[in-house]
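Heads up: the structure comes next, in structure tokens.
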Amino acid sequence: MPKGGVNAPVEVAHDATPAVDPRLIVQQGGITGYLGEFKRRLGSGELGSLPVILALIIIWAVFGSLDSSFLSAQNLSNLSQQIVGTGMIAIGVVFVLLLGEIDLSVGSVSGLCAAIFAVMNVTHGVNEWVALIAALASGAIVGLIQGLFFAKVGVPAFVVTLAGNLAWNGLMLQVLGASGTVNLSGKDIVSRLYTTIYGQTIVAYAVAAAGVLIYLAGALFDANRRRKADVPYRPPADIALRTIALAVVGFVVAYTLNQYKGLPLALLIFLIFIVVLDFVLRRTAYGRQIFALGGNIEGARRAGLNVSWIRISVFMICSTMAAVGGLFLAAQIQSASQTSGGGNLLMNCIAAAVIGGTSLFGGRGSAWSALLGALVIGSIQSGMNILGVSNAIQFMITGAVLLAAVVIDSLSRRTQKAAGRA
């Protein structure tokens with residue numbers, strides 16, 4: 001007899017049916033299960049990369065219908081190279097945004113580091129590898145300085161990096177000297193990294209196959225590890241479906257690139273950076289600490305995380321990636337000048353990270369956001385250049401896309417709060 005009498009409610013053992021967190025993405029109901037999971041995500045505001053992928057499809061469809069040359073192998077191949085510089089900087093911006101902060105100095109830092117490389121290598125004849133390391137180290141040092149002011153002194157990141165935007169731009173002008181422009185030789189390491197294209201057809205397909213196999217091996221390893229730990233894991237059908245989808249995308253991209261000149265080395269380096277840094281964010285304790293800090297700083301501090309170190313290191317990563325992007329941008333125009341890092345570069349880099357799906361409120365995003373966002377912005381600029389649209393219209397449309405991305409992010413966050421997910 002139940003304790004408390006005949007009419008007392010019977011206690012049910014909850015151990016019999018353990019609750020499964022839907023965020024672990026366990027698909028065991030076939031197509032119905034996928035549709036149910038998709039509806040649940042939409043209802044709870046977990047849109048992920050869906051909005052930016054839909055936007056990219058619409059952009060390509062519109063420009064492709066207006067001018068067939070937009071979807072030509074030549075234009076798409078050129079686009080894949082042109083987004084590398086902005087995309088590299090945007091990866092660093094993603095790290096800072098995950099903390100819920102902002103870095104307004106990335107444009108000036110990219111120009112400064114490009115100037116350091118050009119002056120050392122071209123003007124003073126320093127070995128190209130030494131000049132390259134010096135440029136990257138300069139970016140890291142800039143991030144360290146700004147991170148110290150933010151994390152240790154307590155100056156808001158907005159103010160620190162706004163001051164840095166002015167200071168590093170002034171230092172760049174000082175480094176360049178009276179000439180104001182230093183032309184690259186075209187044979188230096190930075191230029192070769194940007195201009196090299198693997199024309200052999202097998203190279204692009206081999207890279208696509210390697211990417212698919214690496215993903216498949218990682219997914220199987222993760223599923224096996226989770227199964228042994230008796231926690232929810234992706235079923236084989238789910239892994240197979242995702243692998244096939246990745247293979248289709250990868251080989252279509254490889255085929256398209258091979259229709260023009262082949263696989264650009266710059267694009268390959270960009271993808272390697274994304275994969276490595278995405279692994280750092282999603283598969284390491286350090287990456288989880290960044291997400292935790294961006295989601296709830298006070299909770300992270302009480303959990304014993306070294307908040308100051310995480311903040312400083314993130315700003316160092318951001319400035320180092322700005323240096324990498326600045327070098328690719330310099331290689332693209334074959335010079336470092338007083339205009340390096342200026343114009344709308346800063347806004348494009350921040351916009352790429354946000355449009356790609358990284359939240360301005362912190363705690364949500366991925367390194368892949370940089371690729372998706374850079375593709376959206378690059379596609380808009382490329383399509384409008386082909387159509388002969390003025391820069392003024394381009395700026396307005398890019399601004400509208402950025403605003404739309406922030407609105408979607410805000411609505412998504414509000415929906416998640418209502419659903420108890422944030």
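Simple scheme: letters A, B, ... for chains in structure tokens order, numbers from 1 for residues in each chain, numbers from 1 for ligands in the order shown.
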
I want to know what sits within 8 Å of range 142-150 of chain A, based on only C-alpha atoms, with residues of the same chain fewer than 4 positions away left out; could you give that as a compact mmCIF listing (two decimals) with C-alpha atoms, in the first residue's frame?
```
# COMPACT_ATOMS: atom_id res chain seq x y z
CA VAL A 109 45.67 45.84 -36.78
CA SER A 138 52.90 41.96 -33.65
CA GLY A 154 38.64 47.17 -16.40
CA VAL A 155 38.39 49.52 -19.38
CA PRO A 156 35.39 48.52 -21.56
CA ALA A 157 36.40 46.58 -24.68
CA VAL A 160 39.99 50.00 -25.57
CA THR A 161 39.62 48.81 -29.14
CA GLY A 164 43.41 50.98 -30.57
CA ARG A 311 39.55 37.33 -22.04
CA ILE A 312 43.18 38.21 -22.73
CA SER A 313 43.76 35.08 -24.80
CA VAL A 314 40.63 35.69 -26.88
CA PHE A 315 41.73 39.21 -27.75
CA MET A 316 45.16 37.83 -28.67
CA ILE A 317 43.54 35.29 -30.99
CA CYS A 318 41.41 38.04 -32.54
CA SER A 319 44.37 40.33 -33.24
CA THR A 320 46.49 37.46 -34.54
```

Counting only C-alpha atoms, which residues in range 162-266 of chain A sit no more than 10 Å from range 71-75 of chain A? For each one, give the nearest pair of atoms and the distance in Å, sorted by chain then residue number, as CSV.
```
residue,atom,partner,partner_atom,distance
A:Val253,CA,A:Ala73,CA,9.6
A:Tyr255,CA,A:Ala73,CA,9.1
A:Thr256,CA,A:Ala73,CA,5.5
A:Leu257,CA,A:Ala73,CA,6.3
A:Asn258,CA,A:Ala73,CA,8.1
A:Gln259,CA,A:Ala73,CA,5.8
A:Tyr260,CA,A:Gln74,CA,5.4
A:Lys261,CA,A:Gln74,CA,8.0
A:Gly262,CA,A:Ala73,CA,9.9
```

Original post:
Mind pulling up the distance from CA of Gly388 in chain A to CA of Leu66 in chain A?
Top reply: 11.8 Å

Original post:
If you measure from CA of Tyr198 in chain A to CA of Leu263 in chain A, what distance in Å do you get, rounded to one decimal?
Top reply: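 One can read the CA of Tyr198 in chain A to CA of Leu263 in chain A distance as 5.1 Å.
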
**OP:** Within 7 Å of Val119 in chain A, counting only C-alpha atoms, which residues show up once you throw out same-chain ones fewer than 4 positions away? Write them as number ranges by chain, please.
**Re:** A: 115, 123-124, 176, 182

Subject >> Pick from A:Ala352, A:Ile408, A:Ala140, A:Val401, whichever lies nearest to Leu50 in chain A using only C-alpha atoms >> reply: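 Going through A:Ala352, A:Ile408, A:Ala140, A:Val401 one by one, the smallest distance to Leu50 in chain A is for A:Ile408.
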
**OP:** Taking the DSSP assignment computed from this structure's backbone, write out as a ChimeraX atom specification all residues of range 122-278 of chain A that belong to alpha helix (DSSP H).
**Re:** /A:128-148,157-176,189-195,201-228,236-258,265-278

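For range 127-296 of chain A, backbone-based DSSP labels the following residues as strand (DSSP E or B): Thr181, Val182, Asn183, Ile197, Tyr198, Leu263 and Pro264 of chain A.
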
Output C-alpha atoms for every residue in the selection just made, as a PDB file, in the first residue's frame.
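Written output follows (selection.pdb):
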```pdb
ATOM      1  CA  THR A 181      53.043  52.644 -49.942  1.00  0.00           C
ATOM      2  CA  VAL A 182      55.275  49.582 -50.125  1.00  0.00           C
ATOM      3  CA  ASN A 183      54.727  47.247 -53.065  1.00  0.00           C
ATOM      4  CA  ILE A 197      46.387  27.650 -57.451  1.00  0.00           C
ATOM      5  CA  TYR A 198      46.604  23.866 -57.790  1.00  0.00           C
ATOM      6  CA  LEU A 263      41.929  24.835 -56.051  1.00  0.00           C
ATOM      7  CA  PRO A 264      43.276  28.155 -54.658  1.00  0.00           C
TER       8      PRO A 264
END
```

**OP:** May I have the residues within 7 Å of range 336-345 of chain A as number ranges by chain, using only C-alpha atoms and disregarding those fewer than 2 positions away in the same chain?
**Re:** A: 107-108, 110-111, 114-115, 118, 173, 180-183, 330, 347-349

**OP:** Give me the residues within 9 Å of range 379-384 of chain A as a list of chain:residue names, counting only C-alpha atoms and dropping any in the same chain fewer than 2 places off.
**Re:**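 Everything that qualifies: A:Leu56, A:Ile59, A:Trp60, A:Phe63, A:Gly64, A:Asp67, A:Phe70, A:Asn75, A:Leu76, A:Leu79, A:Ala374, A:Leu375, A:Val376, A:Ile377, A:Ile386, A:Leu387, A:Gly388, A:Val389, A:Ser390, A:Asn391, A:Ile393, A:Gln394, A:Ile397, A:Thr398.
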
**OP:** Select, from A:Glu128, A:Asp230, A:Asp222, A:Glu298, the residue with the minimum atom-to-atom distance to Gly186 in chain A, counting only C-alpha atoms.
**Re:**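 Distance minimum relative to Gly186 in chain A lands on A:Glu128.
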
**OP:** Give the answer as one residue: which of A:Val96, A:Ile355, A:Ala254, A:Ala405 has the shortest atom-to-atom distance to Ser77 in chain A, using only C-alpha atoms?
**Re:** A:Ala254

Original post:
Excluding same-chain residues fewer than 2 positions from Leu162 in chain A, what lies within 10 Å of it counting only C-alpha atoms, as a ChimeraX atom specification?
Top reply: /A:102-106,156-160,164-167

Write the residues of the selection above to a file with N, CA, C and O atoms, as a compact mmCIF listing (two decimals), in the first residue's frame.
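What landed in result.txt:
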```
# COMPACT_ATOMS: atom_id res chain seq x y z
N ILE A 102 33.30 43.25 -28.21
CA ILE A 102 33.54 43.70 -29.57
C ILE A 102 34.98 44.18 -29.69
O ILE A 102 35.58 44.63 -28.72
N ASP A 103 35.55 44.05 -30.89
CA ASP A 103 36.90 44.55 -31.17
C ASP A 103 36.83 45.45 -32.39
O ASP A 103 36.62 44.99 -33.51
N LEU A 104 36.98 46.75 -32.16
CA LEU A 104 36.89 47.73 -33.24
C LEU A 104 38.24 48.05 -33.86
O LEU A 104 38.33 48.95 -34.70
N SER A 105 39.27 47.33 -33.45
CA SER A 105 40.62 47.64 -33.93
C SER A 105 41.13 46.69 -35.00
O SER A 105 42.25 46.86 -35.50
N VAL A 106 40.34 45.67 -35.37
CA VAL A 106 40.85 44.62 -36.25
C VAL A 106 41.27 45.16 -37.62
O VAL A 106 42.23 44.66 -38.22
N PRO A 156 36.29 49.25 -20.65
CA PRO A 156 35.39 48.52 -21.56
C PRO A 156 36.08 48.19 -22.89
O PRO A 156 36.85 49.00 -23.42
N ALA A 157 35.78 47.02 -23.42
CA ALA A 157 36.40 46.58 -24.68
C ALA A 157 36.11 47.55 -25.80
O ALA A 157 36.96 47.79 -26.67
N PHE A 158 34.93 48.13 -25.80
CA PHE A 158 34.57 49.09 -26.85
C PHE A 158 35.54 50.27 -26.84
O PHE A 158 36.02 50.69 -27.90
N VAL A 159 35.85 50.79 -25.65
CA VAL A 159 36.72 51.95 -25.55
C VAL A 159 38.16 51.57 -25.88
O VAL A 159 38.87 52.28 -26.61
N VAL A 160 38.61 50.44 -25.34
CA VAL A 160 39.99 50.00 -25.57
C VAL A 160 40.26 49.81 -27.05
O VAL A 160 41.25 50.31 -27.60
N GLY A 164 42.45 51.75 -29.78
CA GLY A 164 43.41 50.98 -30.57
C GLY A 164 43.23 51.19 -32.05
O GLY A 164 44.22 51.24 -32.80
N ASN A 165 42.00 51.34 -32.50
CA ASN A 165 41.74 51.59 -33.91
C ASN A 165 42.48 52.83 -34.40
O ASN A 165 43.05 52.85 -35.49
N LEU A 166 42.50 53.86 -33.55
CA LEU A 166 43.21 55.09 -33.91
C LEU A 166 44.72 54.93 -33.75
O LEU A 166 45.50 55.33 -34.62
N ALA A 167 45.12 54.35 -32.62
CA ALA A 167 46.56 54.25 -32.32
C ALA A 167 47.29 53.35 -33.31
O ALA A 167 48.37 53.69 -33.80
```

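Counting only C-alpha atoms and comparing A:Met120, A:Leu271, A:Val207, A:Val231, the residue that lies closest to Ala247 in chain A is A:Val207.
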
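Taking only C-alpha atoms into account, Gly357 in chain A lies nearest to A:Pro51 out of the set A:Pro51, A:Gly295, A:Gly378, A:Pro235.
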
Subject >> Nearest residue to Leu277 in chain A from the set A:Ile116, A:Ala178, A:Ile53, A:Ala370 (distances using only C-alpha atoms) >> reply: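 Once distances to Leu277 in chain A are computed over only C-alpha atoms, the minimum belongs to A:Ala370.
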